[in-house]
Structure formats: structure tokens, C-alpha cells
Amino acid sequence: MNRTILILGCGDVGTALGHLLVKQGHRVIGVRRNSIAALADTGIEGVALDVNAPGALETLPDADIIVYAISADRFEEKAYQTAYVDGLTATLAHFEARARAPQHVFFVSSTSVYGQQQGETVNEESPLEPASFSGQRLIEAEQRLAQSPLPGTTVRFSGIYGPGRERLIGQVREGRIAPATPVMYSNRIHRDDCAGVLDFLIRRVFEGEPVAPVYLASDRESAPLHEVMKWLARQLKVEPDSEIQSPLRRRASKRCDSSRLIETGYRFCYPTFREGYEDILRQGGFMPARQA
């Protein structure tokens with residue numbers, strides 16, 4: 001049976017998810033704050049609106065699944081409050097009151113909700129004590145979903161990388177690399193796996209399989225940033241000649257454990273940074289194509 005999926009915040013990840021859902025025959029409506037030109041010829045029905053604008057949500061049809069993937073447009077507390085707390089609150093209040101409620105709501109959150117900074121391993125049960133306003137506002141939004149009468153799931157993504165997200169590659173090409181000490185563990189997930197995780201969980205909902213209230217989604221290897229950049233340097237045949245100090249924000253040093261997601265049955269397209277970055281390097285023309 002074809003279903004209707006509403007993706008609020010249909011950006012890079014949302015569009016990739018929409019492609020997967022459209023291929024399955026579902027009706028996908030992608031909401032963006034501004035231009036919907038990027039959704040042309042995707043099969044996704046584009047709608048331009050601000051979820052916080054009075055009456056805006058009333059123009060949207062009933063949906064079987066809502067994916068709330070709206071992000072802040074700048075790194076300021078007010079922007080985070082508006083995008084995550086106010087926006088999700090308005091969305092939930094509106095759809096909670098509809099005669100035909102959605103079957104499930106997914107909220108795209110972040111591992112910035114964790115405050116660990118000494119290389120600790122974190123999972124869905126770890127304490128949430130972020131020092132930054134960004135993590136604090138995300139926790140507020142997660143709690144609002146948890147309190148909703150609508151079935152809901154929060155998915156905490158680690159650092160997203162993929163096509164067009166090539167800042168780390170650019171730094172390495174310039175000969176810059178993170179120092180080996182102090183060790184700063186980094187965690188990442190490819191854009192395609194972000195879409196894959198959401199698609200996997202949506203399928204479980206439609207199949208009547210259990211879906212947990214929270215999932216941490218990060219690839220299978222948390223690695224020191226120094227090692228990641230050294231690996232990239234070898235692929236690019238670059239000899240690093242300087243160190244980067246700016247990434248060493250100790251609050252970000254933790255190791256993300258996605259065991260719950262893996263045990264639920266998800267299989268990563270890119271299990272580690274090596275597979276993911278190798279693909280990006282080839283597609284971006286940074287490396288010669290592999291010979292058959």
C-alpha cells in the first residue's frame with residue numbers, strides 16, 4: 001500500500017530519503033523554508049513554508065509518517081530554539097489535534113546532546129549533559145516528542161559527511177592535519193546512511209515491527225581525527241606539514257556506539273570512514289578510478 005510521508009526540512013538528507021521512498025511508490029512531500037527548486041524532477045512534491053508561521057501547517061495533507069529534519073539556519077541559540085523546540089512543538093501540537101493522526105513521527109537530532117569529552121563511549125542510555133546551547137535545545141525538542149501522544153522516535157546522527165561536504169578533504173589537501181595528541185575521537189555517518197537509517201525505520205513501522213524511542217546513528221568505527229586525516233593524506237598522496245588546532249574542542253571527544261541500531265537489523269552502506277571517503281574521493285575526481 002502506498003503511504004504518504006511528510007519530510008519537514010527536506011534538505012540534503014531529506015532529499016536522499018525522499019528518493020528512496022519515491023522508488024517504493026510512496027507519496028513524498030518535501031517541505032522547505034524557501035525555494036523548492038532543488039526538488040524539481042525528484043518525484044518529491046515540494047512545498048515552501050515555515051512551520052512556525054501561523055496557519056502554515058494547516059495547508060499540509062494528512063500523512064502516515066512525519067520526518068522532522070528541520071535544522072537551524074545559523075549557529076545561534078535563538079535559531080536553535082526556533083528550528084528545533086518551537087518548530088517541533090508547533091508541528092506536534094498541530095498533528096496531535098488532527099482527526100487522522102500520523103502513524104509515527106521521526107525527529108532528526110544530533111549526538112551533540114552528549115556532553116562527554118574524555119573519549120567515553122556513549123549510547124542511547126548515556127547521560128545527556130551538554131555544555132552547549134545547541135545540545136540543550138535539541139534535548140528540549142527530544143523531550144517534547146517523548147511526551148507526545150503520537151508514537152515517535154528520535155534519531156541522533158553523528159557528524160554527517162558525503163558529496164558536497166568536503167571540508168576535511170580540503171584541509172588535508174592543503175597539508176593540514178589534526179595533531180595526534182591530545183586524542184580527539186570523531187564520529188561520522190555518510191549522508192546515504194542517514195537516509196538509509198530513516199528509510200529502514202520507516203519500513204519497520206509499516207511492517208508492524210517494533211521501533212525504539214531513541215537511536216544513535218553513527219558508523220561502526222569511532223576513530224581519532226588524526227587517524228582519519230592521515231588516511232586521507234595517504235589516499236591523496238599529500239605529506240602534511242602543519243597541524244590544525246581549531247578542531248580540538250574537547251567537548252566533542254567521545255565514541256558513539258550504534259549497537260542498538262545494528263542489532264535492530266540495519267546494515268551500513270559505509271561501515272567506516274574509509275569506504276565512505278573512498279567513494280567521495282572517486283566521485284569528486286580526487287582519485288583515479290579503480291581498474292577493473
# chains A, B, ... in the order shown; residues from 1 in each chain; ligands from 1
>>> residues_around(residues="region 43-53 of chain A", least_positions_apart="6", cutoff="7 Å", atoms="only C-alpha atoms", output="PDB file with N, CA and C atoms, in the first residue's frame")
ATOM      1  N   GLY A  18      13.869  10.987   0.507  1.00  0.00           N
ATOM      2  CA  GLY A  18      12.731  11.072  -0.398  1.00  0.00           C
ATOM      3  C   GLY A  18      12.917  10.219  -1.642  1.00  0.00           C
ATOM      4  N   VAL A  22      10.237   7.429  -2.748  1.00  0.00           N
ATOM      5  CA  VAL A  22       9.541   7.553  -4.032  1.00  0.00           C
ATOM      6  C   VAL A  22       9.715   6.275  -4.848  1.00  0.00           C
ATOM      7  N   VAL A  28       5.647  11.375  -1.409  1.00  0.00           N
ATOM      8  CA  VAL A  28       6.570  12.085  -0.533  1.00  0.00           C
ATOM      9  C   VAL A  28       6.401  13.588  -0.736  1.00  0.00           C
ATOM     10  N   ILE A  29       6.159  14.288   0.364  1.00  0.00           N
ATOM     11  CA  ILE A  29       6.006  15.734   0.333  1.00  0.00           C
ATOM     12  C   ILE A  29       7.181  16.337   1.084  1.00  0.00           C
ATOM     13  N   GLY A  30       7.966  17.139   0.390  1.00  0.00           N
ATOM     14  CA  GLY A  30       9.147  17.748   0.984  1.00  0.00           C
ATOM     15  C   GLY A  30       8.926  19.220   1.261  1.00  0.00           C
ATOM     16  N   VAL A  31       9.040  19.593   2.525  1.00  0.00           N
ATOM     17  CA  VAL A  31       8.822  20.983   2.941  1.00  0.00           C
ATOM     18  C   VAL A  31      10.157  21.670   3.169  1.00  0.00           C
ATOM     19  N   ARG A  32      10.298  22.825   2.545  1.00  0.00           N
ATOM     20  CA  ARG A  32      11.493  23.645   2.723  1.00  0.00           C
ATOM     21  C   ARG A  32      11.062  25.066   3.077  1.00  0.00           C
ATOM     22  N   ARG A  33      11.921  25.779   3.813  1.00  0.00           N
ATOM     23  CA  ARG A  33      11.560  27.140   4.209  1.00  0.00           C
ATOM     24  C   ARG A  33      11.481  28.080   3.017  1.00  0.00           C
ATOM     25  N   ASN A  34      12.355  27.870   2.049  1.00  0.00           N
ATOM     26  CA  ASN A  34      12.425  28.804   0.932  1.00  0.00           C
ATOM     27  C   ASN A  34      12.176  28.092  -0.390  1.00  0.00           C
ATOM     28  N   SER A  35      13.123  28.200  -1.297  1.00  0.00           N
ATOM     29  CA  SER A  35      12.945  27.657  -2.640  1.00  0.00           C
ATOM     30  C   SER A  35      12.833  26.132  -2.641  1.00  0.00           C
ATOM     31  N   ILE A  36      11.921  25.650  -3.477  1.00  0.00           N
ATOM     32  CA  ILE A  36      11.773  24.198  -3.642  1.00  0.00           C
ATOM     33  C   ILE A  36      12.313  23.755  -5.001  1.00  0.00           C
ATOM     34  N   GLY A  87       9.616  24.836  16.451  1.00  0.00           N
ATOM     35  CA  GLY A  87       9.108  24.201  15.237  1.00  0.00           C
ATOM     36  C   GLY A  87       8.526  22.827  15.489  1.00  0.00           C
ATOM     37  N   ALA A  90       5.257  23.131  17.538  1.00  0.00           N
ATOM     38  CA  ALA A  90       4.125  23.550  16.701  1.00  0.00           C
ATOM     39  C   ALA A  90       3.644  22.399  15.828  1.00  0.00           C
ATOM     40  N   THR A  91       4.573  21.649  15.271  1.00  0.00           N
ATOM     41  CA  THR A  91       4.217  20.524  14.400  1.00  0.00           C
ATOM     42  C   THR A  91       3.460  19.441  15.169  1.00  0.00           C
TER      43      THR A  91
END
>>> residues_around(residues="Arg165 (chain A)", least_positions_apart="5", cutoff="10 Å", atoms="only C-alpha atoms", output="count of residues only")
5
>>> closest_residue(among="A:Glu207, A:Glu140, A:Asp12, A:Glu239", to="Tyr80 (chain A)", atoms="only C-alpha atoms")
A:Glu140
>>> closest_atom_pairs(of="region 210-247 of chain A", to="region 96-119 of chain A", cutoff="9 Å", atoms="only C-alpha atoms", output="Markdown table")
| residue | atom | partner | partner_atom | distance |
| --- | --- | --- | --- | --- |
| A:Leu216 | CA | A:Thr111 | CA | 7.4 |
| A:Ala217 | CA | A:Thr111 | CA | 8.6 |
| A:Ser218 | CA | A:Thr111 | CA | 8.9 |
>>> closest_residue(among="A:Ala93, A:Leu21, A:Ala63, A:Val85", to="Ala141 (chain A)", atoms="only C-alpha atoms")
A:Val85
>>> atom_distance(atom1="CA of Ser158 (chain A)", atom2="CA of Ser134 (chain A)")
13.7 Å
>>> atom_distance(atom1="CA of Gly164 (chain A)", atom2="CA of Val13 (chain A)")
12.0 Å
>>> select_by_dssp(residues="region 26-121 of chain A", states="strand (DSSP E or B)", output="ChimeraX atom specification")
/A:27-32,45-48,65-68,104-110,120-121
>>> select_by_dssp(residues="region 2-217 of chain A", states="alpha helix (DSSP H)", output="ChimeraX atom specification")
/A:12-23,77-80,87-96,133-146,167-173,191-206
>>> residues_around(residues="Ala233 (chain A)", least_positions_apart="3", cutoff="12 Å", atoms="only C-alpha atoms", output="compact mmCIF listing (two decimals) with N, CA and C atoms, in the first residue's frame")
# COMPACT_ATOMS: atom_id res chain seq x y z
N LEU A 168 36.93 18.51 5.30
CA LEU A 168 38.07 17.75 5.82
C LEU A 168 39.04 17.40 4.70
N ILE A 169 38.52 17.02 3.55
CA ILE A 169 39.38 16.73 2.40
C ILE A 169 40.16 17.96 2.00
N GLY A 170 39.50 19.11 2.00
CA GLY A 170 40.16 20.36 1.63
C GLY A 170 41.31 20.69 2.57
N GLN A 171 41.12 20.48 3.86
CA GLN A 171 42.18 20.76 4.83
C GLN A 171 43.38 19.86 4.59
N VAL A 172 43.11 18.58 4.34
CA VAL A 172 44.21 17.64 4.10
C VAL A 172 44.94 17.98 2.81
N ARG A 173 44.22 18.36 1.78
CA ARG A 173 44.86 18.72 0.51
C ARG A 173 45.78 19.93 0.68
N GLU A 174 45.45 20.78 1.67
CA GLU A 174 46.30 21.95 1.95
C GLU A 174 47.49 21.58 2.82
N GLY A 175 47.59 20.30 3.22
CA GLY A 175 48.71 19.85 4.04
C GLY A 175 48.50 20.01 5.52
N ARG A 176 47.26 20.30 5.92
CA ARG A 176 46.96 20.50 7.34
C ARG A 176 46.31 19.25 7.92
N ILE A 177 46.63 18.95 9.16
CA ILE A 177 46.12 17.74 9.79
C ILE A 177 45.99 17.97 11.30
N ALA A 178 45.04 17.27 11.93
CA ALA A 178 44.87 17.36 13.37
C ALA A 178 46.02 16.66 14.07
N HIS A 226 42.94 12.53 13.99
CA HIS A 226 44.29 12.46 13.41
C HIS A 226 44.42 11.27 12.46
N GLU A 227 43.90 10.11 12.88
CA GLU A 227 43.99 8.91 12.04
C GLU A 227 43.17 9.05 10.77
N VAL A 228 42.00 9.66 10.89
CA VAL A 228 41.15 9.87 9.71
C VAL A 228 41.88 10.75 8.70
N MET A 229 42.49 11.82 9.18
CA MET A 229 43.16 12.76 8.27
C MET A 229 44.45 12.17 7.71
N LYS A 230 45.15 11.36 8.50
CA LYS A 230 46.34 10.69 7.98
C LYS A 230 45.97 9.72 6.87
N LEU A 236 45.36 10.78 -0.89
CA LEU A 236 45.58 11.95 -1.75
C LEU A 236 47.05 12.15 -2.10
N LYS A 237 47.91 11.30 -1.51
CA LYS A 237 49.36 11.40 -1.73
C LYS A 237 49.87 12.79 -1.34
N VAL A 238 49.44 13.20 -0.15
CA VAL A 238 49.84 14.50 0.41
C VAL A 238 50.66 14.26 1.66
N GLU A 239 51.71 15.04 1.84
CA GLU A 239 52.53 14.96 3.05
C GLU A 239 52.16 16.14 3.94
N PRO A 240 51.43 15.91 5.03
CA PRO A 240 51.03 17.02 5.90
C PRO A 240 52.23 17.77 6.46
N ASP A 241 52.14 19.10 6.51
CA ASP A 241 53.25 19.89 7.02
C ASP A 241 52.84 20.88 8.10
N TYR A 277 34.74 7.79 2.49
CA TYR A 277 35.61 8.79 1.88
C TYR A 277 36.23 8.29 0.58
N GLU A 278 36.48 6.99 0.47
CA GLU A 278 37.00 6.46 -0.79
C GLU A 278 36.01 6.74 -1.92
N LEU A 281 36.05 10.52 -2.69
CA LEU A 281 37.27 10.89 -3.40
C LEU A 281 37.18 10.49 -4.87
N PHE A 286 39.02 13.20 -7.01
CA PHE A 286 40.25 13.36 -6.23
C PHE A 286 41.21 12.19 -6.43
N MET A 287 40.64 11.05 -6.87
CA MET A 287 41.44 9.83 -7.06
C MET A 287 41.16 9.23 -8.41
>>> residues_around(residues="Asn2 (chain A)", least_positions_apart="5", cutoff="7 Å", atoms="only C-alpha atoms", output="list of chain:residue names")
A:Gly25, A:His26, A:Arg27
>>> write_last_selection(atoms="N, CA and C atoms", output="mmCIF file, in the first residue's frame")
data_model
loop_
_atom_site.group_PDB
_atom_site.id
_atom_site.type_symbol
_atom_site.label_atom_id
_atom_site.label_comp_id
_atom_site.auth_asym_id
_atom_site.auth_seq_id
_atom_site.Cartn_x
_atom_site.Cartn_y
_atom_site.Cartn_z
ATOM 1 N N GLY A 25 7.257 3.720 -4.258
ATOM 2 C CA GLY A 25 5.883 4.023 -4.645
ATOM 3 C C GLY A 25 5.120 4.893 -3.674
ATOM 4 N N HIS A 26 5.792 5.427 -2.660
ATOM 5 C CA HIS A 26 5.113 6.274 -1.692
ATOM 6 C C HIS A 26 4.974 7.706 -2.203
ATOM 7 N N ARG A 27 4.002 8.393 -1.679
ATOM 8 C CA ARG A 27 3.870 9.820 -1.933
ATOM 9 C C ARG A 27 4.731 10.559 -0.917
#
>>> closest_residue(among="A:Thr272, A:Thr15, A:Gln143, A:Ser132", to="Glu221 (chain A)", atoms="only C-alpha atoms")
A:Thr272
>>> atom_distance(atom1="CA of Asn187 (chain A)", atom2="CA of Leu128 (chain A)")
17.0 Å
>>> closest_residue(among="A:Arg188, A:Pro271, A:Tyr266, A:Val197", to="Arg220 (chain A)", atoms="only C-alpha atoms")
A:Pro271
